[in-house]
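Working notes, structure below.
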Amino acid sequence: MIPELGHYALILALGLALIQAVLPLAGSYTGNRAWMHTARPLAWGQFIFSAIAFALLLLAFLTDDFSVVYVASNSNTLMPTIYKVSAVWGAHEGSLLLWAAFLAGWGAAVASLSRNLPLPIVARVLAVMGMVGIGFLLFMLLTSNPFERIFPPPLEGRDLNPLLQDPGLAIHPPLLYMGYVGFSVAFAFAIAALLGGKLDAAWARWSRPWTTTAWIFLTLGIALGSWWAYYELGWGGWWFWDPVENASLMPWLAGTALMHSLAVTEKRGAFKSWTVLLAITAFSLSLLGTFLVRSGVLTSVHAFATDPARGTFILIFLCIVIGGSLALYAWRAPAVSGGGRFELLSRESFLLANNLLLTLLTALVLLGTLAPLIYEAMAWGKISVGFPWFNTMFVAVTPFLAFLMGIGPLTRWKQDEPMRLARELRLPFIVTGAASLLTVILMPLITLDWYLVPLGIGLAVWLLTSHLQAIRERLRHKSRPGAILTDLASNGRSFYGMILAHLGVAMFVVGITLVSNYGQEKDVRMSPGGVQEVAGYRFLFHGVTTQRGPNYMAARGHFQIFDGQRPIAELWPEKRSYFASQKPMTEASIDWGLTRDLYVSLGEPLEDGDWALRLYYKPYVRWIWLGALLMALGGLLAITDRRYRLARGLGRARTGVADNAAVARS
Amino acid sequence: MSRFRLAATGRPGSPRTLSVVVLAGLLSLPLVAPLAGAFTLEEFQFSDPARAEEFKRLTEELRCLVCQNESLAGSQADLAQDLREEVYRLLQSGKSRQEVIDFLVERYGDFVLYDPPLKPSTYPLWFGPLLLAGVGGLFLFLTLRNKREAREQELSAEEQQRLRALLADDSTPTKDKA
């Protein structure tokens with residue numbers, strides 16, 4: 001009965017989404033206010049029924065209802081409760097449901113937080129979100145129903161993939177999806193603007209916080225996934241350029257470009273059609289990413305053919321969304337473009353270059369990810385495109401991006417004086433040069449690509465010094481010490497958000513540079529009582545004991561680590577075998593620190609109580625994820641900026657006026 | 001669900017019944033990297049440290065053909081072990097890096113290389129990025145030129161007023177610097 005209720009709730013949500021996609025939109029063209037006013041309650045209705053469906057699937061998992069195929073395939077009575085919860089989005093059907101629920105949730109959020117928006121715009125934005133909702137709900141109901149029953153029900157479920165039975169991966173997909181789905185708001189705003197033919201600074205100001213919020217979620221989601229891969233997969237890497245990783249990186253890159261483009265549109269009214277195109281791109285790549293991962297096409301092009309219903313639906317849906325919005329763009333963009341004259345030397349120019357570089361990176365990831373599929377489909381021979389290709393491309397492009405990132409914030413809008421800018425950049429430039437030179441002198445030349453270390457460190461120092469300079473430049477009363485605080489406080493939060501996020505990039509660059517060039521690893525065979533030395537740390541192996549977990553047996557190793565004679569850590573790496581799937585799983589054990597991680601993972605048992613082991617020394621690896629965290633915090637700071645709150649608080653009284661103005665124009 | 005079948009799991013010969021679960025899991029991984037695995041590479045001893053480094057680099061850049069997406073260095077599959085031994089044998093017999101690569105490509109095709117080779121069929125992959133960068137550069141050049149010549153679009157008084165009403169804010173957007 002419960003699963004049928006869930007199924008029914010999904011159908012109701014679809015019905016509401018259908019009305020939401022049509023009625024408010026029709027109202028916005030005919031000026032029918034009553035129809036437009038249905039958008040908000042419909043968005044809430046869609047959310048409530050999607051949430052009910054989600055809650056009922058969760059209930060099926062918590063009560064071990066194995067009569068539901070999806071539960072039987074992805075759960076087990078022995079599984080700890082937290083993983084029964086996360087198993088809801090552990091596979092295809094459930095993650096689609098999560099997607100749909102989040103989408104409806106963002107719709108409800110827009111409905112609630114848009115009181116200062118003109119009614120026709122709200123109506124159009126929510127109608128577009130309703131259309132996307134239709135696509136997902138239909139996909140689920142037609143090809144991937146999570147509530148499908150099986151008779152007779154199996155006595156025991158098949159268990160969730162052990163790789164997913166981890167706290168990090170329990171919250172990684174929801175964060176990622178919040179990001180993906182969040183770009184649907186930016187997309188809906190862009191489409192609404194194209195439909196209305198009016199795209200101005202106000203539009204950019206409305207869609208900016210939504211875009212940034214989605215970007216924050218995506219940043220955290222990707223960082224968490226990378227961190228999980230690092231500690232869970234036992235090979236010590238944090239990014240493999242796997243198609244599934246790339247699928248999340250593409251919308252992030254496009255979304256980052258979009259955030260910066262929106263800034264120009266809000267401040268200067270320029271880049272309008274470019275901003276719209278980026279909003280369409282970011283969301284299209286989110287959809288593509290979801291479907292690439294979900295359709296199985298990444299494993300092989302042939303997997304696509306084994307399930308024609310899903311594959312066909314996905315293709316048609318992507319064609320409608322991407323093709324439709326691009327067609328609308330081609331038709332309407334000339335009407336919204338124009339605005340904002342600026343000189344060659346201006347912040348606009350630097351942001352445009354930044355946008356093009358980010359777009360280039362997005363295109364490169366897309367090319368590298370799709371190339372093997374295209375080659376296979378066209379019978380041009382099977383190829384692999386792995387980390388060597390991606391690293392070559394990124395190392396060639398990203399230094400320019402980081403270099404421009406340092407100049408942009410110091411440049412004036414519209415027009416700048418070359419001499420003034422040169423004065424501002426002089427000090428950062430000197431310090432960066434000195435730091436790079438010092439790195440060359442001090443560093444041990446151990447790699448072939450020796451230039452990467454001074455390059456990476458130099459870029460990080462460049463970002464740090466140029467952004468400190470950007471803060472200093474804003475101290476108008478340098479001579480009066482007491483006024484410094486007042487000066488600092490007079491800058492908006494979005495300014496500090498930008499600084500923080502960019503320093504996050506600097507930190508990220510330091511982490512990548514040092515861990516890739518100075519990381520050390522040892523693949524060794526060890527006997528109990530044996531000692532191995534890695535990067536000056538001594539790893540003492542005490543042996544392995546057997547332990548029982550809730551739904552697995554584990555071989556648990558015990559290590560003591562010494563720095564000289566001083567014991568600094570005890571590590572307990574595990575090798576687990578899950579009862580239901582019999583799959584072996586490695587649980588690495590890590591002694592983490594700001595400047596280095598010491599990492600042990602258990603391999604295979606060998607004769608005489610010996611074990612094959614991997615020992616790693618990972619200098620500054622945490623800076624990669626801490627950098628991402630700083631970026632996300634920067635975004636958070638930016639969306640709490642005063643002007644967004646003001647716009648919300650004071651806007652209500654004027655809504656009527658604005659409504660009429662917007663209706664008159666559309 | 002049963003319509004799915006995984007072509008190859010990490011270990012050849014694992015029970016077919018697992019394939020559904022494994023694939024469901026793989027599909028659901030927003031980030032999949034090599035499956036958990038650790039084993040010892042210690043058995044591959046080289047007298048020359050440069051050769052040892054070469055071996056490590058090579059096994060990282062060669063693909064385990066039966067795995068989801070794992071390098072030879074990271075995989076525990078039997079085939080990966082066979083190929084590791086093959087690479088070791090070739091290197092020990094004095095073959096160069098390129099000769100090892102040629103040998104493996106001869107047998108398994110370009111698919112085995114994570115670093116795609118440069119040849120006519122991969123020109124789009126290697127030179128496409130240059131083309132993209134060129135198009136981007138041209139776009140940048142044209143936009144910057146047009147923008148300098150473009151006439152400033154000043155908002156009319158009525159539009160200014162409407163904008164302020166919409167933004168519900170006293171300052172015009174151009175005023176704040178952030």
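Lettering and numbering for the structure tokens are positional, with chains as A, B, ... in the shown order, residues counted from 1 in each chain, and ligands counted from 1 in the shown order.
By chain and then residue number, the residues within 6 Å of Ser71 in chain B are Glu60, Leu62, Arg63 and Cys64 of chain B, counting only C-alpha atoms and disregarding those fewer than 5 positions away in sequence.
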Keeping only C-alpha atoms, write the selected residues as a PDB file, in the first residue's frame.
```
ATOM      1  CA  GLU B  60      50.093   4.295 -14.296  1.00  0.00           C
ATOM      2  CA  LEU B  62      48.428   2.000 -19.165  1.00  0.00           C
ATOM      3  CA  ARG B  63      44.847   0.938 -18.812  1.00  0.00           C
ATOM      4  CA  CYS B  64      43.610  -2.259 -17.251  1.00  0.00           C
TER       5      CYS B  64
END
```
* Pull out every residue of chain A that has at least one atom within 6 Å of chain B, counting only C-alpha atoms, and report them as JSON, numbers by chain. => {"A": [90, 91, 161, 202, 233, 234, 244, 245, 267, 294, 339, 341, 342, 343, 382, 383, 384, 385, 386, 388, 389, 495, 523, 524, 585, 586, 603, 604, 612, 647, 650, 651]}
* Which parts of range 437-579 of chain A does DSSP call helix (DSSP H, G or I) when run on the backbone here, written out as a ChimeraX atom specification? -> /A:437-442,452-473,483-490,493-518
* To do: If you run DSSP over the backbone, which residues in range 43-151 of chain B end up strand (DSSP E or B)? Put them as a list in words.
  =>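 Residues of range 43-151 of chain B classed as strand (DSSP E or B): Leu62, Arg63, Ser71 and Leu113 of chain B.
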Would you output that residue set with C-alpha atoms, as a short mmCIF file (atom, residue, chain, number, x, y, z; two decimals), in the first residue's frame?
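So out-v7.cif came out as:
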```
data_model
loop_
_atom_site.label_atom_id
_atom_site.label_comp_id
_atom_site.auth_asym_id
_atom_site.auth_seq_id
_atom_site.Cartn_x
_atom_site.Cartn_y
_atom_site.Cartn_z
CA LEU B 62 48.43 2.00 -19.16
CA ARG B 63 44.85 0.94 -18.81
CA SER B 71 45.35 1.85 -14.51
CA LEU B 113 46.91 3.99 -23.51
#
```
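Note that the spacing between CA of Leu62 in chain A and CA of Met1 in chain A amounts to 15.3 Å.
Atom pair CA of Thr432 in chain A / CA of Thr465 in chain A: separated by 7.7 Å.
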* What's the 8 Å shell around Phe136 in chain A, counting only C-alpha atoms, without same-chain residues fewer than 2 positions away, as a VMD selection string? -> chain A and resid 96 99 to 100 132 to 134 138 to 140
